[in-house]
file query-v7.cif (mmCIF, C-alpha atoms)
data_final
loop_
_atom_site.label_atom_id
_atom_site.label_comp_id
_atom_site.auth_asym_id
_atom_site.auth_seq_id
_atom_site.Cartn_x
_atom_site.Cartn_y
_atom_site.Cartn_z
CA MET A 4 -143.25 -10.73 156.51
CA VAL A 5 -142.94 -14.46 155.74
CA PRO A 6 -144.64 -15.25 152.40
CA ASP A 7 -147.72 -17.44 152.44
CA VAL A 8 -147.23 -21.07 151.56
CA ARG A 9 -149.03 -22.15 148.40
CA PHE A 10 -149.65 -25.73 147.36
CA ALA A 11 -149.09 -27.43 144.01
CA ARG A 12 -150.01 -30.98 143.07
CA ALA A 13 -147.51 -33.13 141.19
CA ASP A 14 -148.74 -35.42 138.43
CA ASP A 15 -148.56 -38.41 140.78
CA GLY A 16 -150.81 -36.69 143.34
CA VAL A 17 -148.13 -35.57 145.83
CA THR A 18 -148.72 -32.08 147.30
CA ILE A 19 -145.79 -29.65 147.21
CA GLY A 20 -145.58 -26.53 149.41
CA TYR A 21 -143.94 -23.45 147.93
CA GLN A 22 -143.51 -19.68 148.30
CA VAL A 23 -143.13 -16.86 145.75
CA PHE A 24 -141.86 -13.37 146.65
CA GLY A 25 -139.84 -10.47 145.26
CA GLN A 26 -139.80 -8.89 141.82
CA GLY A 27 -137.77 -9.33 138.66
CA PRO A 28 -136.52 -12.38 136.75
CA VAL A 29 -137.51 -15.67 138.35
CA LEU A 30 -134.98 -17.65 140.41
CA VAL A 31 -136.06 -21.02 141.79
CA TRP A 32 -133.95 -21.99 144.80
CA MET A 33 -134.25 -25.76 144.68
CA PRO A 34 -134.35 -27.80 147.89
CA SER A 35 -132.48 -30.58 149.58
CA LEU A 36 -133.96 -31.54 152.96
CA SER A 37 -135.89 -28.33 153.49
CA ASN A 38 -138.46 -26.61 155.63
CA ILE A 39 -139.17 -23.26 154.00
CA ALA A 40 -141.23 -21.95 156.92
CA ALA A 41 -138.51 -22.72 159.48
CA GLN A 42 -135.72 -21.48 157.21
CA TRP A 43 -137.03 -17.92 157.47
CA ARG A 44 -136.05 -18.04 161.16
CA ILE A 45 -132.37 -18.53 160.25
CA PRO A 46 -130.93 -14.97 160.13
CA ALA A 47 -128.48 -15.59 157.29
CA LEU A 48 -131.07 -17.31 155.12
CA ARG A 49 -133.72 -14.69 155.83
CA ASN A 50 -131.29 -11.96 154.83
CA ALA A 51 -130.39 -13.91 151.69
CA TYR A 52 -134.03 -14.33 150.70
CA LEU A 53 -134.73 -10.63 151.20
CA GLY A 54 -131.52 -9.64 149.43
CA LEU A 55 -132.33 -11.76 146.38
CA ALA A 56 -135.92 -10.49 146.35
CA ARG A 57 -134.76 -6.91 145.79
CA ASN A 58 -134.01 -7.77 142.15
CA LEU A 59 -135.47 -11.23 141.59
CA THR A 60 -138.73 -13.11 141.96
CA VAL A 61 -137.69 -15.92 144.29
CA VAL A 62 -139.41 -19.29 144.43
CA LEU A 63 -138.76 -21.64 147.36
CA TYR A 64 -140.32 -25.06 147.74
CA ASP A 65 -140.14 -28.15 149.91
CA GLY A 66 -139.47 -31.38 148.08
CA ARG A 67 -141.82 -34.29 148.68
CA GLY A 68 -141.51 -35.75 152.14
CA THR A 69 -140.22 -32.51 153.66
CA GLY A 70 -141.42 -29.24 155.16
CA ALA A 71 -144.88 -28.13 154.07
CA SER A 72 -145.09 -30.77 151.34
CA ASP A 73 -146.68 -34.21 151.57
CA ARG A 74 -144.76 -36.01 154.33
CA ARG A 75 -146.21 -39.50 154.12
CA ILE A 76 -143.65 -42.24 154.70
CA ASP A 77 -145.05 -44.28 151.79
CA LEU A 78 -144.25 -41.74 149.07
CA GLY A 79 -142.44 -44.37 147.04
CA ASP A 80 -139.94 -43.04 144.53
CA LEU A 81 -137.65 -40.33 145.92
CA GLY A 82 -135.20 -40.35 143.04
CA LEU A 83 -134.60 -37.98 140.14
CA ASP A 84 -137.98 -38.46 138.46
CA ALA A 85 -139.77 -37.57 141.69
CA HIS A 86 -137.71 -34.40 142.13
CA LEU A 87 -138.45 -33.37 138.54
CA ARG A 88 -142.17 -33.89 139.18
CA ASP A 89 -141.97 -31.57 142.18
CA LEU A 90 -140.25 -28.82 140.20
CA ARG A 91 -142.66 -29.08 137.27
CA ALA A 92 -145.64 -28.94 139.65
CA VAL A 93 -144.40 -25.74 141.30
CA LEU A 94 -143.64 -24.02 138.00
CA SER A 95 -147.03 -24.99 136.59
CA ASP A 96 -149.02 -23.94 139.66
CA ALA A 97 -147.17 -20.61 139.86
CA GLY A 98 -147.67 -19.95 136.14
CA ILE A 99 -143.93 -19.73 135.47
CA SER A 100 -142.89 -20.63 131.92
CA ARG A 101 -139.17 -19.79 132.24
CA ALA A 102 -136.86 -19.47 135.23
CA SER A 103 -133.28 -19.60 136.39
CA LEU A 104 -132.48 -22.41 138.81
CA LEU A 105 -130.25 -22.37 141.90
CA GLY A 106 -129.16 -25.97 142.39
CA TYR A 107 -127.89 -26.41 145.94
CA TYR A 108 -126.20 -29.64 147.11
CA HIS A 109 -128.74 -32.48 146.64
CA SER A 110 -130.70 -30.56 143.98
CA VAL A 111 -127.77 -29.94 141.59
CA PRO A 112 -128.51 -33.07 139.46
CA THR A 113 -132.21 -32.17 139.31
CA ALA A 114 -131.35 -28.68 138.04
CA LEU A 115 -128.99 -30.15 135.43
CA ALA A 116 -131.52 -32.74 134.26
CA PHE A 117 -134.36 -30.23 134.02
CA ALA A 118 -132.19 -27.81 132.04
CA ALA A 119 -131.02 -30.57 129.68
CA ARG A 120 -134.54 -31.85 129.04
CA ASN A 121 -136.32 -28.48 128.96
CA PRO A 122 -133.90 -26.01 127.34
CA THR A 123 -136.62 -23.48 126.48
CA ARG A 124 -137.72 -23.24 130.11
CA VAL A 125 -134.36 -22.49 131.77
CA ASP A 126 -132.66 -19.10 131.49
CA ARG A 127 -129.59 -19.71 133.63
CA LEU A 128 -128.21 -22.12 136.22
CA VAL A 129 -126.33 -21.36 139.43
CA LEU A 130 -124.87 -24.55 140.95
CA PHE A 131 -123.31 -24.90 144.37
CA GLY A 132 -122.08 -27.84 146.43
CA GLY A 133 -123.15 -30.74 144.24
CA THR A 134 -122.08 -33.01 141.42
CA PRO A 135 -123.93 -34.76 138.57
CA ARG A 136 -123.40 -38.07 140.36
CA LEU A 137 -124.62 -37.65 143.92
CA ALA A 138 -122.68 -40.68 145.18
CA GLU A 139 -119.52 -38.64 144.52
CA ALA A 140 -120.83 -35.69 146.53
CA MET A 141 -121.71 -38.05 149.40
CA ARG A 142 -118.35 -39.87 149.39
CA PRO A 143 -116.24 -37.65 151.72
CA ALA A 144 -115.66 -39.20 155.15
CA GLN A 145 -117.26 -36.28 157.01
CA THR A 146 -120.46 -36.65 154.98
CA GLN A 147 -120.53 -40.40 155.52
CA ALA A 148 -120.13 -39.92 159.26
CA LEU A 149 -123.04 -37.49 159.34
CA LEU A 150 -125.28 -39.70 157.22
CA SER A 151 -124.67 -42.63 159.56
CA LEU A 152 -126.46 -40.62 162.27
CA VAL A 153 -129.72 -40.27 160.32
CA ASP A 154 -131.33 -43.48 161.54
CA GLN A 155 -129.28 -43.75 164.73
CA ASP A 156 -130.01 -40.38 166.34
CA TRP A 157 -132.08 -37.91 164.32
CA ASN A 158 -131.62 -35.04 166.79
CA LEU A 159 -127.87 -35.51 166.84
CA PHE A 160 -127.81 -35.56 163.03
CA ALA A 161 -129.67 -32.25 162.90
CA ASP A 162 -127.27 -30.63 165.38
CA ALA A 163 -124.17 -32.02 163.67
CA ALA A 164 -125.34 -31.09 160.17
CA ALA A 165 -126.08 -27.52 161.24
CA THR A 166 -122.64 -26.96 162.71
CA ALA A 167 -120.15 -29.24 160.97
CA TRP A 168 -121.79 -29.86 157.59
CA LEU A 169 -123.18 -26.44 156.80
CA GLY A 170 -120.69 -24.53 158.89
CA TRP A 171 -123.00 -22.14 160.71
CA ASP A 172 -120.72 -20.41 163.16
CA SER A 173 -123.01 -18.47 165.49
CA ALA A 174 -125.03 -20.04 168.24
CA SER A 175 -128.31 -18.52 167.09
CA SER A 176 -127.84 -19.63 163.49
CA SER A 177 -126.77 -23.11 164.57
CA ARG A 178 -129.84 -23.55 166.76
CA ALA A 179 -132.21 -22.25 164.08
CA THR A 180 -130.56 -24.34 161.38
CA ALA A 181 -130.64 -27.47 163.52
CA GLU A 182 -134.34 -26.87 164.20
CA ALA A 183 -135.00 -26.45 160.47
CA PHE A 184 -133.28 -29.79 159.80
CA ARG A 185 -135.02 -31.49 162.71
CA THR A 186 -138.49 -30.38 161.63
CA ALA A 187 -137.91 -30.75 157.90
CA THR A 188 -138.85 -34.42 157.85
CA SER A 189 -138.63 -37.68 159.78
CA ALA A 190 -135.61 -39.97 160.05
CA PRO A 191 -137.20 -42.71 157.88
CA VAL A 192 -137.97 -40.27 155.06
CA ALA A 193 -134.50 -38.70 155.30
CA LYS A 194 -132.90 -42.14 155.12
CA ALA A 195 -135.01 -42.94 152.04
CA TRP A 196 -133.97 -39.59 150.51
CA PHE A 197 -130.27 -40.28 150.97
CA ASP A 198 -130.55 -43.92 149.89
CA ALA A 199 -132.24 -42.80 146.66
CA ALA A 200 -129.67 -40.03 146.20
CA ARG A 201 -126.84 -42.54 145.93
CA HIS A 202 -128.33 -43.75 142.65
CA ILE A 203 -128.91 -40.34 141.05
CA ASP A 204 -126.47 -39.78 138.19
CA VAL A 205 -127.09 -37.28 135.38
CA THR A 206 -123.54 -37.28 134.02
CA ALA A 207 -124.77 -38.30 130.58
CA GLU A 208 -127.07 -35.25 130.40
CA VAL A 209 -124.56 -32.55 131.33
CA ALA A 210 -123.37 -31.95 127.76
CA ALA A 211 -126.96 -31.21 126.68
CA VAL A 212 -127.34 -28.26 129.07
CA GLN A 213 -127.54 -25.12 126.94
CA ALA A 214 -128.21 -22.56 129.67
CA PRO A 215 -125.37 -20.29 130.79
CA THR A 216 -124.17 -21.71 134.08
CA LEU A 217 -122.25 -20.36 137.06
CA VAL A 218 -120.55 -23.07 139.14
CA LEU A 219 -119.62 -21.73 142.56
CA HIS A 220 -117.32 -23.46 145.04
CA ARG A 221 -116.73 -22.76 148.70
CA GLN A 222 -116.02 -26.04 150.41
CA SER A 223 -113.01 -27.72 151.87
CA SER A 224 -112.01 -31.16 150.61
CA GLU A 225 -113.87 -32.64 153.60
CA GLN A 226 -117.13 -31.57 151.93
CA ILE A 227 -116.86 -31.27 148.12
CA PRO A 228 -113.32 -31.24 146.66
CA ILE A 229 -112.70 -28.26 144.41
CA GLU A 230 -111.74 -30.64 141.60
CA ALA A 231 -115.32 -31.98 141.54
CA SER A 232 -116.72 -28.50 140.94
CA GLN A 233 -114.07 -27.76 138.34
CA ARG A 234 -114.89 -30.99 136.46
CA LEU A 235 -118.56 -30.07 136.42
CA ALA A 236 -117.84 -26.61 135.01
CA ALA A 237 -115.50 -28.06 132.37
CA ALA A 238 -118.14 -30.59 131.26
CA LEU A 239 -120.85 -27.96 130.77
CA PRO A 240 -120.94 -26.30 127.32
CA ASN A 241 -121.45 -22.75 128.63
CA ALA A 242 -120.17 -22.53 132.20
CA GLU A 243 -118.08 -20.23 134.34
CA PHE A 244 -116.33 -21.57 137.44
CA MET A 245 -115.64 -19.39 140.46
CA ALA A 246 -113.99 -20.38 143.74
CA LEU A 247 -115.26 -18.19 146.55
CA PRO A 248 -113.00 -17.16 149.44
CA GLY A 249 -113.59 -18.88 152.76
CA ALA A 250 -114.20 -22.46 153.84
CA THR A 251 -117.75 -22.31 155.20
CA PRO A 252 -119.60 -24.72 152.88
CA THR A 253 -122.60 -22.55 152.14
CA LEU A 254 -123.63 -19.42 150.29
CA PHE A 255 -124.69 -16.10 151.85
CA LEU A 256 -122.86 -16.58 155.16
CA THR A 257 -119.10 -15.97 154.88
CA ASP A 258 -119.44 -12.95 152.57
CA PRO A 259 -123.18 -12.45 151.99
CA ASP A 260 -122.95 -9.18 150.07
CA THR A 261 -120.53 -10.64 147.53
CA ASP A 262 -122.56 -13.83 147.17
CA LEU A 263 -125.78 -11.88 146.63
CA SER A 264 -124.04 -9.67 144.07
CA LEU A 265 -122.66 -12.68 142.20
CA VAL A 266 -125.93 -14.59 142.04
CA THR A 267 -128.13 -11.58 141.30
CA GLY A 268 -125.74 -10.19 138.70
CA PHE A 269 -125.53 -13.51 136.90
CA VAL A 270 -129.26 -14.18 136.89
CA THR A 271 -130.22 -10.66 135.79
CA GLY A 272 -127.42 -9.99 133.35
CA GLY A 273 -125.68 -13.24 132.61
CA LYS A 274 -122.35 -12.14 134.04
CA ALA A 275 -120.91 -12.89 137.44
CA HIS A 276 -119.30 -9.87 139.06
CA ARG A 277 -117.13 -9.98 142.13
CA SER A 278 -117.72 -7.30 144.72
CA PRO A 279 -115.48 -4.30 143.94
CA THR A 280 -115.07 -3.49 147.62
CA ARG A 281 -112.45 -6.15 148.39
CA PRO A 282 -108.97 -4.55 148.77
CA ALA A 283 -106.61 -5.25 145.88
CA LEU A 284 -103.46 -7.33 146.44
CA THR A 285 -100.14 -5.56 146.13
CA PRO A 286 -97.74 -6.83 143.42
CA ARG A 287 -95.64 -8.56 146.09
CA GLU A 288 -98.71 -10.21 147.62
CA GLN A 289 -99.64 -11.47 144.15
CA ASP A 290 -96.14 -12.92 143.78
CA VAL A 291 -96.49 -14.74 147.09
CA LEU A 292 -99.94 -16.02 146.13
CA ARG A 293 -98.72 -17.34 142.78
CA LEU A 294 -95.90 -19.28 144.44
CA LEU A 295 -98.26 -20.52 147.13
CA ALA A 296 -100.50 -21.93 144.40
CA THR A 297 -97.56 -23.92 142.96
CA GLY A 298 -97.14 -25.70 146.30
CA ASP A 299 -94.09 -23.82 147.58
CA SER A 300 -93.54 -23.70 151.32
CA ASN A 301 -92.92 -20.40 153.13
CA PRO A 302 -89.11 -20.90 153.12
CA GLU A 303 -89.20 -21.75 149.41
CA ILE A 304 -91.25 -18.63 148.65
CA ALA A 305 -88.80 -16.55 150.69
CA ARG A 306 -85.83 -17.98 148.80
CA ARG A 307 -87.42 -17.43 145.38
CA LEU A 308 -88.36 -13.82 146.16
CA GLY A 309 -85.20 -12.98 148.09
CA ILE A 310 -87.05 -11.97 151.25
CA ALA A 311 -87.18 -13.22 154.83
CA VAL A 312 -89.58 -15.97 155.91
CA HIS A 313 -91.27 -13.65 158.41
CA THR A 314 -91.90 -11.21 155.55
CA VAL A 315 -93.61 -14.00 153.60
CA GLU A 316 -95.73 -14.72 156.66
CA ARG A 317 -96.71 -11.06 156.89
CA HIS A 318 -97.68 -10.99 153.20
CA LEU A 319 -99.71 -14.16 153.66
CA ALA A 320 -101.57 -12.72 156.63
CA ASN A 321 -102.40 -9.60 154.63
CA LEU A 322 -103.57 -11.44 151.51
CA TYR A 323 -105.61 -13.94 153.57
CA ARG A 324 -107.45 -10.99 155.07
CA LYS A 325 -107.99 -9.30 151.71
CA ILE A 326 -109.38 -12.36 149.90
CA GLY A 327 -111.30 -13.70 152.89
CA ALA A 328 -109.27 -16.90 153.14
CA ARG A 329 -109.07 -18.88 156.36
CA GLY A 330 -105.78 -20.45 155.45
CA ARG A 331 -103.55 -21.94 152.79
CA THR A 332 -106.18 -24.18 151.15
CA ASP A 333 -108.62 -21.30 150.67
CA ALA A 334 -105.87 -19.10 149.25
CA VAL A 335 -104.76 -21.76 146.74
CA ALA A 336 -108.37 -22.24 145.58
CA HIS A 337 -108.70 -18.48 145.13
CA ALA A 338 -105.40 -18.30 143.24
CA LEU A 339 -106.28 -21.11 140.82
CA THR A 340 -109.45 -19.30 139.80
CA GLU A 341 -108.09 -15.75 139.86
CA PHE A 342 -104.98 -16.37 137.80
CA ARG A 343 -106.78 -18.66 135.35
CA GLN A 344 -109.12 -15.80 134.48
CA GLN A 345 -106.27 -13.40 133.74
CA PRO A 346 -105.06 -13.11 130.12
#
call {"tool": "encode", "arguments": {"input": "query-v7.cif", "output": "structure tokens"}}
result
Amino acid sequence: MVPDVRFARADDGVTIGYQVFGQGPVLVWMPSLSNIAAQWRIPALRNAYLGLARNLTVVLYDGRGTGASDRRIDLGDLGLDAHLRDLRAVLSDAGISRASLLGYYHSVPTALAFAARNPTRVDRLVLFGGTPRLAEAMRPAQTQALLSLVDQDWNLFADAAATAWLGWDSASSSRATAEAFRTATSAPVAKAWFDAARHIDVTAEVAAVQAPTLVLHRQSSEQIPIEASQRLAAALPNAEFMALPGATPTLFLTDPDTDLSLVTGFVTGGKAHRSPTRPALTPREQDVLRLLATGDSNPEIARRLGIAVHTVERHLANLYRKIGARGRTDAVAHALTEFRQQP
């Protein structure tokens, strides 16, 4: 059931491993530290791949130095130009003239740069978990703590990244994700990747991106602050921003059906549609959510609405459940997006 790995050759001679499967418009899921063969053993990712493939032709590939691609330590440049070479090689070898791109964490700047420089080759962009300037995305203390483990204890880094960084919450997914990280590359190459990433900055190219873009956010401030995603969406000429309920900093895990619907709907039709199955908030729950988004405490909300504090707490519990929020921060992020979209 796992697609065969094909091999493309970049214009500097580096070999890139990739897979193509599914049917429909092309979506290239761009890599960070990846191992496409091992990632099929992660249940959530496997389900995501198969879910996307029902309506899309999905392309996965391992960037240079990782997975099935050329893993020599002396690969030299691992910056933006190298990542663009990898993407061009895969598209050329697969015979793909136009595609939508899913930029995920480290690959967000590469997706932006490719779209800005090749407007006739990019249909749409879906961006998650990254910023045009990767140093900003790598700045949070939790990320810095994890990156410090790369050359100190590679196995510990893989375990910590699988659980704390990407938020996999089941034992089987954590083990499979840690193994995918561990086998994706070596510690020296990973260190070179992250060192090069600190210098990647495509801020100046964002305004040239013509493709319709969906910027998705589902991270706590310990990963990527919501303001960073909002700034990216505001800087793009044709972008829609959407904060997803939940705090797990990944797609296709907290609410996989909704995430698949959003991504597939946007890529195939240009519009992002929330799942219609989520229960609607009552008028009183909407009132509580609006006041929560202004920073009011529970007693302040109770006073403004003329109800008891325990009633506010009951409304909060109900609306958290309905929107898939884990707490106050998730609910505020949801409210900022939801109410901004209303006329």
call {"tool": "residues_around", "arguments": {"input": "query-v7.cif", "residues": "stretch 244-246 of chain A", "least_positions_apart": "4", "cutoff": "6 Å", "atoms": "all atoms listed in the file", "output": "short mmCIF file (atom, residue, chain, number, x, y, z; two decimals) with C-alpha atoms, keeping the file's coordinate frame"}}
result
data_model
loop_
_atom_site.label_atom_id
_atom_site.label_comp_id
_atom_site.auth_asym_id
_atom_site.auth_seq_id
_atom_site.Cartn_x
_atom_site.Cartn_y
_atom_site.Cartn_z
CA VAL A 218 -120.55 -23.07 139.14
CA LEU A 219 -119.62 -21.73 142.56
CA HIS A 220 -117.32 -23.46 145.04
CA ALA A 236 -117.84 -26.61 135.01
CA HIS A 337 -108.70 -18.48 145.13
#
call {"tool": "resolve_selection", "arguments": {"input": "query-v7.cif", "expression": "the PyMOL selection byres ((chain A and resi 325-336) around 6)", "output": "number ranges by chain"}}
result
A: 248-249, 282, 296, 322-324, 337-339
call {"tool": "atom_distance", "arguments": {"input": "query-v7.cif", "atom1": "atom CA of A:Leu59", "atom2": "atom CA of A:Gln26"}}
result
4.9 Å
call {"tool": "atom_distance", "arguments": {"input": "query-v7.cif", "atom1": "atom CA of A:Pro122", "atom2": "atom CA of A:Asp96"}}
result
19.6 Å
call {"tool": "atom_distance", "arguments": {"input": "query-v7.cif", "atom1": "atom CA of A:Pro215", "atom2": "atom CA of A:Leu94"}}
result
20.0 Å
call {"tool": "build_atoms", "arguments": {"input": "query-v7.cif", "residues": "stretch 198-208 of chain A", "atoms": "all heavy atoms", "output": "compact mmCIF listing (two decimals), in the frame of the given file"}}
result
# COMPACT_ATOMS: atom_id res chain seq x y z
N ASP A 198 -130.74 -42.65 150.58
CA ASP A 198 -130.55 -43.92 149.89
C ASP A 198 -130.84 -43.76 148.40
O ASP A 198 -130.11 -44.28 147.55
CB ASP A 198 -131.46 -44.99 150.49
CG ASP A 198 -130.99 -45.46 151.86
OD1 ASP A 198 -129.82 -45.16 152.22
OD2 ASP A 198 -131.78 -46.11 152.57
N ALA A 199 -131.91 -43.04 148.07
CA ALA A 199 -132.24 -42.80 146.66
C ALA A 199 -131.19 -41.92 146.00
O ALA A 199 -130.86 -42.10 144.81
CB ALA A 199 -133.62 -42.16 146.55
N ALA A 200 -130.65 -40.96 146.76
CA ALA A 200 -129.67 -40.03 146.20
C ALA A 200 -128.42 -40.74 145.70
O ALA A 200 -127.81 -40.30 144.71
CB ALA A 200 -129.29 -38.99 147.24
N ARG A 201 -128.05 -41.82 146.34
CA ARG A 201 -126.84 -42.54 145.93
C ARG A 201 -126.94 -43.08 144.51
O ARG A 201 -125.92 -43.38 143.88
CB ARG A 201 -126.57 -43.70 146.89
CG ARG A 201 -126.34 -43.28 148.33
CD ARG A 201 -126.13 -44.47 149.24
NE ARG A 201 -126.25 -44.11 150.65
CZ ARG A 201 -125.29 -43.56 151.37
NH1 ARG A 201 -124.12 -43.31 150.80
NH2 ARG A 201 -125.47 -43.25 152.64
N HIS A 202 -128.14 -43.18 143.99
CA HIS A 202 -128.33 -43.75 142.65
C HIS A 202 -128.62 -42.68 141.60
O HIS A 202 -128.84 -43.00 140.43
CB HIS A 202 -129.47 -44.76 142.68
CG HIS A 202 -129.27 -45.86 143.67
ND1 HIS A 202 -128.36 -46.89 143.48
CD2 HIS A 202 -129.84 -46.09 144.90
CE1 HIS A 202 -128.38 -47.70 144.52
NE2 HIS A 202 -129.26 -47.24 145.39
N ILE A 203 -128.64 -41.41 142.00
CA ILE A 203 -128.91 -40.34 141.05
C ILE A 203 -127.62 -39.97 140.32
O ILE A 203 -126.62 -39.60 140.94
CB ILE A 203 -129.50 -39.10 141.76
CG1 ILE A 203 -130.88 -39.43 142.34
CG2 ILE A 203 -129.58 -37.92 140.80
CD1 ILE A 203 -131.51 -38.30 143.12
N ASP A 204 -127.65 -40.08 139.00
CA ASP A 204 -126.47 -39.78 138.19
C ASP A 204 -126.93 -39.21 136.85
O ASP A 204 -127.55 -39.91 136.05
CB ASP A 204 -125.66 -41.06 137.96
CG ASP A 204 -124.35 -40.81 137.21
OD1 ASP A 204 -124.10 -39.65 136.80
OD2 ASP A 204 -123.58 -41.77 137.04
N VAL A 205 -126.68 -37.93 136.63
CA VAL A 205 -127.09 -37.28 135.38
C VAL A 205 -125.88 -36.91 134.53
O VAL A 205 -125.95 -36.02 133.68
CB VAL A 205 -127.97 -36.04 135.66
CG1 VAL A 205 -129.22 -36.43 136.43
CG2 VAL A 205 -127.18 -34.97 136.40
N THR A 206 -124.77 -37.59 134.75
CA THR A 206 -123.54 -37.28 134.02
C THR A 206 -123.76 -37.25 132.52
O THR A 206 -123.24 -36.38 131.81
CB THR A 206 -122.45 -38.31 134.37
OG1 THR A 206 -122.25 -38.33 135.79
CG2 THR A 206 -121.14 -37.96 133.68
N ALA A 207 -124.55 -38.19 132.02
CA ALA A 207 -124.77 -38.30 130.58
C ALA A 207 -125.56 -37.13 130.02
O ALA A 207 -125.59 -36.93 128.80
CB ALA A 207 -125.48 -39.61 130.26
N GLU A 208 -126.22 -36.35 130.87
CA GLU A 208 -127.07 -35.25 130.40
C GLU A 208 -126.37 -33.89 130.47
O GLU A 208 -126.89 -32.90 129.95
CB GLU A 208 -128.36 -35.20 131.22
CG GLU A 208 -129.17 -36.50 131.14
CD GLU A 208 -130.57 -36.33 131.66
OE1 GLU A 208 -131.29 -35.45 131.16
OE2 GLU A 208 -130.95 -37.08 132.57
